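S.K.: This is the content of my_file-v1.csv (CSV, C-alpha atoms):
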```csv
chain,number,residue,atom,x,y,z
A,468,PRO,CA,35.4,-40.8,26.6
A,469,ARG,CA,31.9,-40.0,25.3
A,470,ALA,CA,31.2,-36.4,24.4
A,471,SER,CA,29.2,-34.2,26.8
A,472,ARG,CA,25.9,-32.6,25.8
A,473,GLU,CA,27.1,-29.0,26.3
A,474,GLY,CA,26.8,-28.3,22.5
A,475,VAL,CA,23.0,-28.8,22.6
A,476,GLY,CA,21.7,-25.2,22.3
A,477,PHE,CA,24.1,-24.4,19.4
A,478,ALA,CA,20.9,-24.6,17.2
A,479,GLU,CA,17.7,-22.8,17.9
A,480,THR,CA,15.0,-25.3,17.0
A,481,TRP,CA,14.3,-28.6,18.7
A,482,TRP,CA,15.1,-30.5,15.5
A,483,GLY,CA,18.3,-28.6,15.0
A,484,ASN,CA,19.4,-29.5,18.5
A,485,ALA,CA,18.4,-33.1,17.9
A,486,TRP,CA,20.9,-33.1,15.1
A,487,VAL,CA,23.6,-31.7,17.4
A,488,ALA,CA,22.7,-34.3,20.0
A,489,ALA,CA,23.2,-37.1,17.4
A,490,LEU,CA,26.6,-35.6,16.6
A,491,GLU,CA,27.8,-35.3,20.2
A,492,GLY,CA,26.2,-38.6,21.2
A,493,GLY,CA,28.5,-40.5,18.7
A,494,ALA,CA,31.6,-38.4,19.1
A,495,LEU,CA,34.7,-39.7,21.0
A,496,ASP,CA,36.5,-36.4,21.8
A,497,VAL,CA,35.0,-33.4,23.5
A,498,LYS,CA,38.0,-31.1,22.5
A,499,ARG,CA,37.5,-31.8,18.8
A,500,LEU,CA,33.8,-30.9,19.2
A,501,ALA,CA,34.7,-27.7,20.9
A,502,ARG,CA,37.1,-26.7,18.2
A,503,GLY,CA,34.6,-27.6,15.5
A,504,ARG,CA,32.0,-25.3,17.2
A,505,GLY,CA,34.6,-22.5,17.1
A,506,TYR,CA,35.2,-23.1,13.4
A,507,ALA,CA,31.5,-23.0,12.7
A,508,GLY,CA,31.0,-19.9,14.8
A,509,ARG,CA,33.8,-18.1,13.0
A,510,GLY,CA,32.3,-18.8,9.6
A,511,GLN,CA,35.1,-21.2,8.4
A,512,VAL,CA,32.6,-23.6,6.7
A,513,ASP,CA,32.2,-22.7,3.0
A,514,ALA,CA,30.3,-23.9,0.0
A,515,ILE,CA,27.9,-26.3,1.6
A,516,THR,CA,26.1,-28.6,-0.8
A,517,VAL,CA,23.2,-30.8,0.4
A,518,THR,CA,22.1,-33.8,-1.7
A,519,PRO,CA,20.1,-37.0,-0.7
A,520,GLY,CA,22.2,-38.8,1.9
A,521,LEU,CA,25.2,-36.3,1.8
A,522,VAL,CA,26.3,-32.9,3.1
A,523,LEU,CA,29.5,-31.7,1.4
A,524,ALA,CA,31.6,-28.6,2.3
A,525,TYR,CA,35.0,-27.1,2.5
A,526,VAL,CA,36.3,-26.1,5.9
A,527,ARG,CA,39.2,-23.7,6.4
A,528,GLY,CA,41.6,-25.0,9.1
A,529,SER,CA,45.2,-24.2,10.0
A,530,ARG,CA,46.6,-24.8,6.5
A,531,PRO,CA,46.1,-22.5,3.5
A,532,ARG,CA,44.1,-25.0,1.6
A,533,PRO,CA,40.7,-25.9,2.9
A,534,TYR,CA,39.7,-29.4,3.7
A,535,ARG,CA,37.0,-31.3,1.9
A,536,VAL,CA,34.5,-32.6,4.4
A,537,GLN,CA,31.4,-34.8,3.9
A,538,VAL,CA,28.8,-36.2,6.3
A,539,ARG,CA,26.7,-39.1,5.1
A,540,LEU,CA,23.2,-40.0,6.4
A,541,ARG,CA,21.1,-43.0,5.4
A,542,THR,CA,18.2,-42.2,3.1
A,543,LEU,CA,14.7,-43.6,3.8
A,544,GLY,CA,13.0,-46.3,1.7
A,545,ASP,CA,9.7,-46.0,-0.1
A,546,ALA,CA,7.7,-47.6,2.7
A,547,ASP,CA,9.1,-45.0,5.2
A,548,TRP,CA,8.1,-42.2,2.8
A,549,GLU,CA,4.6,-43.5,2.4
A,550,ARG,CA,4.2,-43.6,6.2
A,551,PHE,CA,5.6,-40.0,6.4
A,552,LEU,CA,3.2,-38.7,3.7
A,553,ASP,CA,0.2,-40.4,5.3
A,554,ALA,CA,1.1,-38.8,8.7
A,555,ALA,CA,1.6,-35.4,7.1
A,556,ALA,CA,-1.7,-35.5,5.2
A,557,ASP,CA,-3.6,-36.6,8.3
A,558,ARG,CA,-3.6,-33.2,9.8
A,559,PRO,CA,-3.9,-29.9,7.7
A,560,GLY,CA,-1.7,-28.3,10.3
A,561,HIS,CA,1.3,-30.5,9.4
A,562,ILE,CA,1.4,-29.1,5.8
A,563,ALA,CA,0.9,-25.6,7.0
A,564,ALA,CA,3.8,-26.0,9.5
A,565,LEU,CA,6.1,-27.3,6.9
A,566,LEU,CA,5.3,-24.4,4.6
A,567,ASP,CA,6.2,-22.1,7.5
A,568,LYS,CA,9.5,-23.9,7.8
A,569,GLU,CA,8.5,-25.7,11.0
A,570,LEU,CA,8.8,-29.4,11.8
A,571,PRO,CA,6.0,-30.5,14.2
A,572,GLN,CA,7.0,-32.9,16.9
A,573,SER,CA,4.0,-35.1,16.2
A,574,LEU,CA,5.2,-35.5,12.6
A,575,ALA,CA,8.7,-36.5,13.7
A,576,ASP,CA,7.2,-39.1,16.0
A,577,CYS,CA,5.2,-40.8,13.3
A,578,GLY,CA,7.4,-43.9,13.3
A,579,VAL,CA,9.7,-42.8,10.5
A,580,PRO,CA,13.4,-42.2,11.6
A,581,LEU,CA,13.6,-38.6,10.3
A,582,LEU,CA,16.1,-37.4,12.9
A,583,PRO,CA,19.5,-39.1,13.2
A,584,GLY,CA,20.5,-40.8,16.4
A,585,PRO,CA,24.0,-41.3,17.9
A,586,GLY,CA,26.2,-43.0,15.4
A,587,ASP,CA,24.0,-42.3,12.4
A,588,LEU,CA,26.2,-39.5,11.1
A,589,ALA,CA,29.1,-40.8,9.0
A,590,PRO,CA,31.8,-38.0,8.6
A,591,ARG,CA,34.8,-38.1,6.4
A,592,CYS,CA,37.5,-35.4,6.0
A,593,SER,CA,40.6,-34.9,3.8
A,594,CYS,CA,42.7,-33.9,6.8
A,595,PRO,CA,45.1,-36.4,8.4
A,596,ASP,CA,43.2,-36.4,11.7
A,597,SER,CA,41.6,-39.8,12.4
A,598,GLY,CA,39.3,-38.5,15.2
A,599,HIS,CA,35.6,-39.4,15.0
A,600,PRO,CA,34.7,-36.8,14.1
A,601,CYS,CA,37.7,-34.5,13.4
A,602,LYS,CA,37.2,-30.8,14.2
A,603,HIS,CA,36.5,-30.0,10.5
A,604,ALA,CA,33.7,-32.6,10.3
A,605,ALA,CA,32.3,-31.4,13.6
A,606,ALA,CA,32.3,-27.8,12.2
A,607,LEU,CA,30.3,-29.0,9.2
A,608,CYS,CA,27.8,-30.8,11.4
A,609,TYR,CA,27.3,-27.8,13.7
A,610,GLN,CA,26.8,-25.6,10.6
A,611,THR,CA,24.3,-28.1,9.2
A,612,ALA,CA,22.3,-27.7,12.4
A,613,ARG,CA,21.9,-24.1,11.5
A,614,LEU,CA,20.7,-25.0,8.0
A,615,LEU,CA,18.1,-27.3,9.6
A,616,ASP,CA,17.0,-24.4,11.9
A,617,ALA,CA,16.2,-22.2,8.8
A,618,ASP,CA,14.6,-25.0,6.7
A,619,PRO,CA,13.5,-28.5,7.9
A,620,PHE,CA,13.3,-29.5,4.3
A,621,VAL,CA,17.1,-29.7,4.4
A,622,LEU,CA,16.7,-32.7,6.7
A,623,LEU,CA,14.0,-34.3,4.4
A,624,LEU,CA,16.4,-33.8,1.4
A,625,LEU,CA,19.2,-35.5,3.4
A,626,ARG,CA,16.7,-38.4,4.0
A,627,GLY,CA,16.1,-38.7,0.3
A,628,ARG,CA,13.4,-36.4,-1.0
A,629,GLY,CA,13.4,-32.7,-1.9
A,630,GLU,CA,10.8,-30.0,-1.0
A,631,ARG,CA,9.1,-29.7,-4.4
A,632,GLU,CA,8.7,-33.5,-4.7
A,633,LEU,CA,7.3,-33.8,-1.2
A,634,LEU,CA,4.8,-30.9,-1.5
A,635,ASP,CA,3.5,-32.2,-4.9
A,636,ALA,CA,3.0,-35.7,-3.3
A,637,LEU,CA,1.2,-34.1,-0.3
A,638,SER,CA,-1.0,-32.1,-2.6
A,639,ARG,CA,-2.0,-35.1,-4.6
A,640,LEU,CA,-2.6,-37.2,-1.5
A,641,SER,CA,-4.7,-34.5,0.1
A,642,ALA,CA,-6.8,-34.0,-3.0
A,643,ALA,CA,-7.4,-37.8,-3.3
A,644,ARG,CA,-8.4,-38.0,0.3
A,645,ALA,CA,-10.8,-35.0,-0.1
A,646,ALA,CA,-12.4,-36.6,-3.2
A,647,ARG,CA,-12.8,-39.9,-1.5
A,648,ALA,CA,-14.4,-38.3,1.6
A,649,ALA,CA,-16.8,-36.3,-0.6
A,650,ARG,CA,-17.9,-39.5,-2.4
A,651,GLU,CA,-18.5,-41.3,0.8
A,652,GLN,CA,-20.4,-38.5,2.4
A,653,GLY,CA,-22.7,-37.9,-0.5
A,654,PRO,CA,-24.3,-34.5,-1.5
A,655,ALA,CA,-25.2,-32.3,1.4
A,656,PRO,CA,-28.7,-30.9,1.5
A,657,LEU,CA,-29.0,-27.4,0.1
A,658,PRO,CA,-29.9,-24.7,2.5
A,659,GLY,CA,-32.9,-22.6,1.7
A,660,VAL,CA,-36.6,-22.0,2.2
A,661,ARG,CA,-39.7,-23.2,0.3
A,662,ALA,CA,-40.8,-20.9,-2.5
A,663,SER,CA,-44.3,-20.7,-1.1
A,664,ASP,CA,-42.8,-19.4,2.1
A,665,ALA,CA,-40.5,-17.0,0.4
A,666,PHE,CA,-43.3,-15.4,-1.7
A,667,ALA,CA,-46.0,-15.4,0.9
A,668,PRO,CA,-47.4,-11.9,1.6
A,669,ARG,CA,-46.3,-10.5,4.9
A,670,ARG,CA,-46.2,-7.1,6.5
A,671,LEU,CA,-42.9,-5.8,7.5
A,672,PRO,CA,-42.6,-3.5,10.6
A,673,PRO,CA,-42.1,0.2,9.7
A,674,LEU,CA,-38.6,1.6,9.7
A,675,PRO,CA,-37.7,3.7,12.7
A,676,PRO,CA,-37.9,7.5,12.1
A,677,PRO,CA,-34.7,9.2,11.2
A,678,LEU,CA,-32.9,11.1,13.8
A,679,PRO,CA,-33.5,14.9,13.7
A,680,THR,CA,-30.9,16.9,11.8
A,681,PRO,CA,-28.8,19.0,14.2
A,682,PRO,CA,-29.5,22.7,13.9
A,683,HIS,CA,-25.9,23.5,12.8
A,684,PRO,CA,-22.5,21.8,12.3
A,685,GLU,CA,-20.4,21.4,15.4
A,686,GLN,CA,-17.2,23.4,15.8
A,687,PRO,CA,-14.0,21.4,15.3
A,688,PRO,CA,-11.5,20.8,18.1
A,689,VAL,CA,-8.6,23.1,18.7
A,690,TYR,CA,-5.5,21.9,16.9
A,691,PRO,CA,-2.2,22.8,18.7
A,692,ALA,CA,0.7,23.9,16.6
A,693,ALA,CA,3.7,21.6,16.6
A,694,PRO,CA,7.2,22.2,15.1
A,695,GLY,CA,7.3,20.6,11.6
A,696,GLY,CA,3.6,19.7,11.9
A,697,PRO,CA,0.7,20.8,9.7
A,698,ASP,CA,-0.8,24.3,9.9
A,699,PRO,CA,-3.4,24.2,12.7
A,700,PHE,CA,-5.4,26.9,10.9
A,701,ALA,CA,-5.5,24.8,7.7
A,702,LEU,CA,-6.6,21.8,9.8
A,703,ASP,CA,-9.4,23.9,11.4
A,704,GLN,CA,-10.5,25.1,7.9
A,705,LEU,CA,-10.6,21.5,6.5
A,706,ALA,CA,-12.5,20.2,9.6
A,707,THR,CA,-15.0,23.1,9.5
A,708,ASP,CA,-15.6,22.5,5.8
A,709,ALA,CA,-16.1,18.7,6.3
A,710,ALA,CA,-18.6,19.4,9.1
A,711,ALA,CA,-20.5,21.8,6.9
A,712,ARG,CA,-20.7,19.4,4.0
A,713,ALA,CA,-21.8,16.6,6.3
A,714,HIS,CA,-24.5,18.7,7.8
A,715,ALA,CA,-25.8,19.7,4.3
A,716,LEU,CA,-25.7,16.0,3.2
A,717,LEU,CA,-27.6,14.9,6.3
A,718,GLY,CA,-30.3,17.6,5.9
A,719,THR,CA,-30.7,17.5,2.1
A,720,GLY,CA,-29.3,14.2,1.0
A,721,ARG,CA,-27.0,16.1,-1.4
A,722,ASP,CA,-23.3,17.0,-1.1
A,723,PRO,CA,-23.1,20.7,-2.1
A,724,VAL,CA,-19.6,20.2,-3.6
A,725,GLY,CA,-19.7,16.6,-4.6
A,726,GLU,CA,-19.7,17.3,-8.3
A,727,LEU,CA,-16.6,19.6,-8.2
A,728,THR,CA,-13.4,18.6,-9.8
A,729,LEU,CA,-10.2,18.4,-7.8
A,730,TRP,CA,-9.1,21.8,-9.2
A,731,GLN,CA,-12.5,23.4,-8.5
A,732,ASP,CA,-12.5,22.1,-4.9
A,733,ALA,CA,-9.0,23.4,-4.4
A,734,VAL,CA,-10.1,26.8,-5.5
A,735,ARG,CA,-13.1,26.7,-3.3
A,736,LEU,CA,-11.0,25.8,-0.2
A,737,ALA,CA,-8.5,28.5,-0.9
A,738,ALA,CA,-11.2,31.1,-1.4
A,739,ALA,CA,-12.7,30.2,1.9
A,740,ARG,CA,-9.5,31.3,3.7
A,741,PRO,CA,-10.6,34.5,5.4
A,742,GLY,CA,-8.7,37.8,5.0
A,743,SER,CA,-7.0,39.3,2.0
A,744,GLY,CA,-3.4,39.4,0.9
A,745,LEU,CA,-0.9,36.5,0.7
A,746,THR,CA,0.3,36.0,4.3
A,747,ALA,CA,2.8,33.3,5.2
A,748,GLY,CA,0.0,30.9,6.1
A,749,THR,CA,-1.9,31.7,3.0
A,750,ARG,CA,1.1,31.2,0.8
A,751,ALA,CA,1.7,27.8,2.4
A,752,LEU,CA,-1.9,26.8,1.8
A,753,TYR,CA,-1.9,28.0,-1.8
A,754,ALA,CA,1.3,26.1,-2.5
A,755,SER,CA,-0.1,22.9,-1.1
A,756,LEU,CA,-3.4,23.1,-2.9
A,757,ALA,CA,-1.8,24.2,-6.2
A,758,SER,CA,0.7,21.3,-6.0
A,759,ALA,CA,-2.1,18.8,-5.4
A,760,ALA,CA,-4.1,20.1,-8.4
A,761,GLY,CA,-1.0,20.3,-10.7
A,762,ARG,CA,-1.2,24.1,-11.0
A,763,THR,CA,0.9,27.1,-9.8
A,764,PRO,CA,0.1,29.3,-6.8
A,765,ALA,CA,-0.3,32.3,-9.2
A,766,GLU,CA,-2.9,30.4,-11.2
A,767,LEU,CA,-4.7,29.5,-7.9
A,768,ALA,CA,-4.6,33.1,-6.7
A,769,ARG,CA,-6.3,34.3,-10.0
A,770,ALA,CA,-8.9,31.5,-9.7
A,771,VAL,CA,-9.6,32.4,-6.1
A,772,ALA,CA,-10.4,36.0,-7.2
A,773,ALA,CA,-12.8,34.6,-9.8
A,774,TRP,CA,-14.4,32.3,-7.2
A,775,ARG,CA,-14.9,35.2,-4.8
A,776,GLN,CA,-16.4,37.2,-7.6
A,777,GLY,CA,-19.0,34.6,-8.7
A,778,GLY,CA,-18.4,31.2,-7.2
A,779,LEU,CA,-18.3,28.2,-9.6
A,780,ASP,CA,-19.9,30.3,-12.3
A,781,GLY,CA,-17.2,33.0,-11.8
A,782,LEU,CA,-14.4,30.4,-12.1
A,783,THR,CA,-16.1,29.0,-15.3
A,784,VAL,CA,-16.1,32.5,-16.8
A,785,LEU,CA,-12.4,32.8,-16.0
A,786,GLU,CA,-11.4,29.5,-17.6
A,787,GLU,CA,-13.9,28.7,-20.4
A,788,PRO,CA,-14.7,31.2,-23.2
A,789,TRP,CA,-17.8,30.3,-25.1
A,790,ASP,CA,-20.0,31.6,-28.0
A,791,PRO,CA,-23.2,33.2,-26.7
A,792,PRO,CA,-26.4,33.3,-28.8
A,793,ALA,CA,-27.6,36.6,-30.2
A,794,GLY,CA,-29.5,38.7,-27.8
A,795,ARG,CA,-28.1,39.9,-24.5
A,796,PHE,CA,-24.5,39.9,-25.9
A,797,ASP,CA,-25.5,42.0,-28.9
A,798,ARG,CA,-27.5,44.5,-26.8
A,799,ALA,CA,-24.5,45.1,-24.6
A,800,ARG,CA,-22.5,47.3,-27.0
A,801,PRO,CA,-25.3,49.9,-27.6
A,802,LEU,CA,-25.8,50.1,-23.8
A,803,LEU,CA,-22.1,50.8,-23.3
A,804,LEU,CA,-22.1,53.4,-26.0
A,805,ALA,CA,-25.1,55.1,-24.4
A,806,ALA,CA,-23.1,55.3,-21.2
A,807,ASP,CA,-20.5,57.4,-23.1
A,808,LEU,CA,-18.1,54.4,-23.2
A,809,PRO,CA,-16.1,53.7,-26.3
A,810,ALA,CA,-16.9,50.8,-28.6
A,811,PHE,CA,-15.7,47.5,-26.9
A,812,ARG,CA,-14.1,44.9,-29.2
A,813,PRO,CA,-16.1,41.6,-29.2
A,814,TRP,CA,-14.5,38.1,-29.1
A,815,ARG,CA,-16.7,35.1,-28.3
A,816,ASN,CA,-18.3,36.0,-24.8
A,817,ARG,CA,-15.9,38.9,-24.2
A,818,LEU,CA,-16.0,42.6,-24.8
A,819,THR,CA,-12.7,44.4,-24.4
A,820,HIS,CA,-12.1,48.2,-24.0
A,821,PRO,CA,-10.1,49.6,-27.0
A,822,SER,CA,-7.2,50.5,-24.7
A,823,GLY,CA,-7.1,46.9,-23.5
A,824,HIS,CA,-7.3,47.6,-19.7
A,825,VAL,CA,-11.0,46.7,-19.0
A,826,GLN,CA,-13.0,43.7,-20.2
A,827,LEU,CA,-16.5,42.3,-19.7
A,828,ARG,CA,-17.2,38.6,-19.9
A,829,LEU,CA,-20.7,37.2,-20.2
A,830,GLY,CA,-21.5,34.1,-18.1
A,831,ARG,CA,-23.7,31.3,-19.2
A,832,GLU,CA,-26.2,32.3,-16.4
A,833,GLY,CA,-26.6,35.8,-18.0
A,834,LEU,CA,-24.4,37.9,-15.7
A,835,TRP,CA,-21.6,40.2,-16.8
A,836,TYR,CA,-18.2,39.9,-15.1
A,837,ALA,CA,-15.7,42.8,-15.1
A,838,TYR,CA,-11.9,42.1,-15.6
A,839,GLU,CA,-8.9,44.4,-15.5
A,840,SER,CA,-5.4,44.2,-16.9
A,841,GLU,CA,-2.4,46.5,-17.3
A,842,ALA,CA,-2.9,48.3,-20.6
A,843,GLY,CA,-1.4,46.4,-23.5
A,844,GLN,CA,-0.9,43.2,-21.4
A,845,ASP,CA,-3.0,40.1,-21.6
A,846,ASP,CA,-3.1,39.6,-17.8
A,847,TRP,CA,-6.8,39.7,-16.8
A,848,TRP,CA,-8.0,39.6,-13.2
A,849,PRO,CA,-11.6,39.5,-12.0
A,850,ARG,CA,-12.8,42.8,-10.5
A,851,GLY,CA,-16.1,44.1,-9.0
A,852,THR,CA,-19.5,42.4,-8.7
A,853,PRO,CA,-21.3,40.5,-11.5
A,854,ASP,CA,-24.4,42.3,-12.8
A,855,LEU,CA,-27.2,41.7,-15.4
A,856,ASP,CA,-26.3,45.2,-16.8
A,857,PRO,CA,-22.9,45.4,-18.5
A,858,VAL,CA,-22.6,49.1,-17.4
A,859,GLY,CA,-23.5,48.1,-13.8
A,860,ALA,CA,-20.7,45.5,-13.9
A,861,LEU,CA,-18.2,48.3,-14.5
A,862,THR,CA,-19.4,50.2,-11.4
A,863,GLY,CA,-16.5,50.8,-9.1
A,864,LEU,CA,-13.8,50.4,-11.8
A,865,GLY,CA,-13.6,54.2,-12.4
A,866,THR,CA,-15.6,57.0,-14.1
A,867,PRO,CA,-16.6,56.8,-17.7
A,868,ASP,CA,-13.7,59.2,-18.4
A,869,ASP,CA,-11.3,56.8,-16.7
A,870,LEU,CA,-12.6,54.0,-18.8
```
Mind converting the file's structure to structure tokens?
M.R.:
Amino acid sequence: PRASREGVGFAETWWGNAWVAALEGGALDVKRLARGRGYAGRGQVDAITVTPGLVLAYVRGSRPRPYRVQVRLRTLGDADWERFLDAAADRPGHIAALLDKELPQSLADCGVPLLPGPGDLAPRCSCPDSGHPCKHAAALCYQTARLLDADPFVLLLLRGRGERELLDALSRLSAARAARAAREQGPAPLPGVRASDAFAPRRLPPLPPPLPTPPHPEQPPVYPAAPGGPDPFALDQLATDAAARAHALLGTGRDPVGELTLWQDAVRLAAARPGSGLTAGTRALYASLASAAGRTPAELARAVAAWRQGGLDGLTVLEEPWDPPAGRFDRARPLLLAADLPAFRPWRNRLTHPSGHVQLRLGREGLWYAYESEAGQDDWWPRGTPDLDPVGALTGLGTPDDL
């Protein structure tokens, strides 16, 4: 009896199922087909090789040694391939579909027998079963349908031509057709306007007036805390800072911090954190900003102290010693001696107390910045308020006797 069509559906694509239909339409025994489907489903088909006109594999059956199975399919002649290439090049969508591993129905209906029909598959197996096909050959055919699902170029290779050869031929054919069409069409008129029209004087309407700058930046929304989420206070601080910068840019056309380096901006943001002392939230913020800038939290804390002392100029005094010209720096030592202070040791822009616990640093803008350290240790921290007078910069650091 003829085989039923219950195996259609074993494949997923319409062309894969067409292959299954050709197998089952030419089979003589439904039971052999069912066993072949079981073999394919259990992965008993190994080492499949596809060449023009032939699928070869080894199928594990009931015996220890697998059976050698092959299925032959007639290859197409040159005339059929020319017809196929013409049909594929007629529509750009055909080539795009093939590259996406799809076989358009319209391409399969171009008059070229791509898909096999009942009786077109010629199986052969090394087993003693004389069925047509035997269960091993049926298993190979079912597994081949899955190969066709994944790549329709397997079917084209079985019909005689491989993927690279076909794509190269399609590329050449498409290029030749495009060149022929361009020659037949002739040059297209160039778009444009006459030069006299382009350079003719004309009055443009005035630009609309700019919108008024809002009186102040808006407040950011309230950010709820979430377990494992970002610090809501840090989000509020960043949003407030962004709003203030946007407001300044809108009103003046200049970003007040646009020229800062990553490190300087990290110091500025950390210094804007209100309050004093390293709370848990502040420590988390310092650790995050320091990591982003490639520094340590201790370095950031010292830089924040310098920023709070004098802004960007204060940070520059902390990090960049320089050689001041004669004048204000040279007059500082007599002023200190007149205030009953000992002779400070000079080095570049710095004057250091002989005991090594107080230091004055001259900024490039002419202000003196006071620093303190434990006696005998080179661990200087900014203290006090900058002043044009070196003695005034030491105000609040202790009496002359203490110094």
S.K.: Write out as a list of chain:residue names which residues come within 12 Å of His561 (chain A) when counting only C-alpha atoms, dropping same-chain ones fewer than 6 positions away.
M.R.: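 Neighbouring residues, sequence-local ones excluded: A:Phe551, A:Leu552, A:Asp553, A:Ala554, A:Ala555, A:Asp567, A:Lys568, A:Glu569, A:Leu570, A:Pro571, A:Gln572, A:Ser573, A:Leu574, A:Ala575, A:Cys577, A:Leu634, A:Leu637, A:Ser641.
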S.K.: If we count all atoms listed in the file, what is near Arg798 (chain A) at a cut-off of 10 Å, once residues fewer than 5 positions away on the same chain are taken out, given as number ranges by chain?
M.R.: A: 793, 803, 857
S.K.: Name all residues at most 10 Å from Tyr506 (chain A) (count all atoms listed in the file; drop same-chain ones fewer than 2 positions away) and give them as a PyMOL selection string.
M.R.: chain A and resi 500-504+508-512+526-528+602-603+605-607+609-610
S.K.: Kindly indicate which residue among A:Ala713, A:Pro672, A:Ala772, A:Arg661 lies nearest to Pro684 (chain A), using all atoms listed in the file for the distances.
M.R.: A:Ala713
S.K.: Tell me, in Å to one decimal, how far CA of Pro619 (chain A) is from CA of Leu565 (chain A).
M.R.: 7.6 Å
S.K.: Applying 9 Å and all atoms listed in the file, which residues near Ala604 (chain A) remain after dropping the ones on its own chain fewer than 6 positions away? List them as a list in words.
M.R.: Gly503, Val526, Val536, Gln537, Val538, Pro590, Arg591 and Cys592 of chain A
S.K.: Next, the residues of the selection above should be written as a PDB file, in the frame of the given file with C-alpha atoms.
M.R.:
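File produced: part-v8.pdb:
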```pdb
ATOM      1  CA  GLY A 503      34.600 -27.600  15.500  1.00  0.00           C
ATOM      2  CA  VAL A 526      36.300 -26.100   5.900  1.00  0.00           C
ATOM      3  CA  VAL A 536      34.500 -32.600   4.400  1.00  0.00           C
ATOM      4  CA  GLN A 537      31.400 -34.800   3.900  1.00  0.00           C
ATOM      5  CA  VAL A 538      28.800 -36.200   6.300  1.00  0.00           C
ATOM      6  CA  PRO A 590      31.800 -38.000   8.600  1.00  0.00           C
ATOM      7  CA  ARG A 591      34.800 -38.100   6.400  1.00  0.00           C
ATOM      8  CA  CYS A 592      37.500 -35.400   6.000  1.00  0.00           C
TER       9      CYS A 592
END
```
S.K.: Given the point (20.5, -33.5, 0.7) in the coordinates of this file, which residues lie within 7 Å, counting all atoms listed in the file, and how would they look as a short mmCIF file (atom, residue, chain, number, x, y, z; two decimals) with C-alpha atoms, keeping the file's coordinate frame?
M.R.:
```cif
data_model
loop_
_atom_site.label_atom_id
_atom_site.label_comp_id
_atom_site.auth_asym_id
_atom_site.auth_seq_id
_atom_site.Cartn_x
_atom_site.Cartn_y
_atom_site.Cartn_z
CA VAL A 517 23.20 -30.80 0.40
CA THR A 518 22.10 -33.80 -1.70
CA PRO A 519 20.10 -37.00 -0.70
CA GLY A 520 22.20 -38.80 1.90
CA LEU A 521 25.20 -36.30 1.80
CA VAL A 522 26.30 -32.90 3.10
CA VAL A 621 17.10 -29.70 4.40
CA LEU A 624 16.40 -33.80 1.40
CA LEU A 625 19.20 -35.50 3.40
CA GLY A 627 16.10 -38.70 0.30
#
```
S.K.: Report the distance between CA of Arg530 (chain A) and CA of Ala478 (chain A) in Å, rounded to one decimal place.
M.R.: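 CA of Ala478 (chain A) lies 27.8 Å from CA of Arg530 (chain A).
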S.K.: Enter the distance from CA of Thr611 (chain A) to CA of Ser638 (chain A), in Å, rounded to one decimal.
M.R.: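 Computed distance, CA of Thr611 (chain A) to CA of Ser638 (chain A), equals 28.2 Å.
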S.K.: Which residue, A:Leu736, A:Leu829, A:Ile562, A:Leu756, has the smallest gap to Asp797 (chain A) when you use all atoms listed in the file?
M.R.: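 Looking at the shortest contact to Asp797 (chain A), the residue is A:Leu829.
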S.K.: May I have the protein, DNA and RNA residues with an atom at most 7 Å from (-13.3, 23.9, 14.6), counting all atoms listed in the file in the file's coordinates, returned as a list of chain:residue names?
M.R.: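 Returned residue set, sorted by chain then number, is A:Gln686, A:Pro687, A:Pro688, A:Val689, A:Asp703, A:Ala706, A:Thr707.
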S.K.: Contacts of Ala489 (chain A) at 6 Å or less, counting all atoms listed in the file, minus same-chain residues fewer than 6 places along, as JSON, numbers by chain?
M.R.: {"A": [583, 584, 585]}
S.K.: Go through A:Arg535, A:Arg639, A:Arg613, A:Arg628 and flag the residue nearest Ala556 (chain A), using all atoms listed in the file for the distances.
M.R.: A:Arg639
S.K.: Can you work out which one of A:Arg539, A:Arg532, A:Arg558, A:Arg499 has the shortest atom-to-atom distance to Cys601 (chain A), counting all atoms listed in the file?
M.R.: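 Checking each of A:Arg539, A:Arg532, A:Arg558, A:Arg499 against Cys601 (chain A), counting all atoms listed in the file, the winner is A:Arg499.
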S.K.: Should you be able to, write region 727-731 of chain A of this structure into a file that contains N, CA, C and O atoms, as a PDB file, in the first residue's frame.
M.R.:
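Written output follows (result_23.pdb):
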```pdb
ATOM      1  N   LEU A 727      36.629  71.609  33.106  1.00  0.00           N
ATOM      2  CA  LEU A 727      37.261  70.825  34.165  1.00  0.00           C
ATOM      3  C   LEU A 727      37.639  69.443  33.646  1.00  0.00           C
ATOM      4  O   LEU A 727      36.969  68.869  32.786  1.00  0.00           O
ATOM      5  N   THR A 728      38.710  68.895  34.210  1.00  0.00           N
ATOM      6  CA  THR A 728      39.064  67.513  33.924  1.00  0.00           C
ATOM      7  C   THR A 728      38.148  66.578  34.714  1.00  0.00           C
ATOM      8  O   THR A 728      37.383  67.018  35.582  1.00  0.00           O
ATOM      9  N   LEU A 729      38.220  65.289  34.395  1.00  0.00           N
ATOM     10  CA  LEU A 729      37.405  64.318  35.114  1.00  0.00           C
ATOM     11  C   LEU A 729      37.698  64.352  36.610  1.00  0.00           C
ATOM     12  O   LEU A 729      36.782  64.336  37.447  1.00  0.00           O
ATOM     13  N   TRP A 730      38.980  64.460  36.965  1.00  0.00           N
ATOM     14  CA  TRP A 730      39.363  64.491  38.381  1.00  0.00           C
ATOM     15  C   TRP A 730      38.852  65.771  39.050  1.00  0.00           C
ATOM     16  O   TRP A 730      38.287  65.730  40.142  1.00  0.00           O
ATOM     17  N   GLN A 731      39.022  66.904  38.390  1.00  0.00           N
ATOM     18  CA  GLN A 731      38.563  68.166  38.971  1.00  0.00           C
ATOM     19  C   GLN A 731      37.043  68.166  39.162  1.00  0.00           C
ATOM     20  O   GLN A 731      36.545  68.664  40.168  1.00  0.00           O
TER      21      GLN A 731
END
```
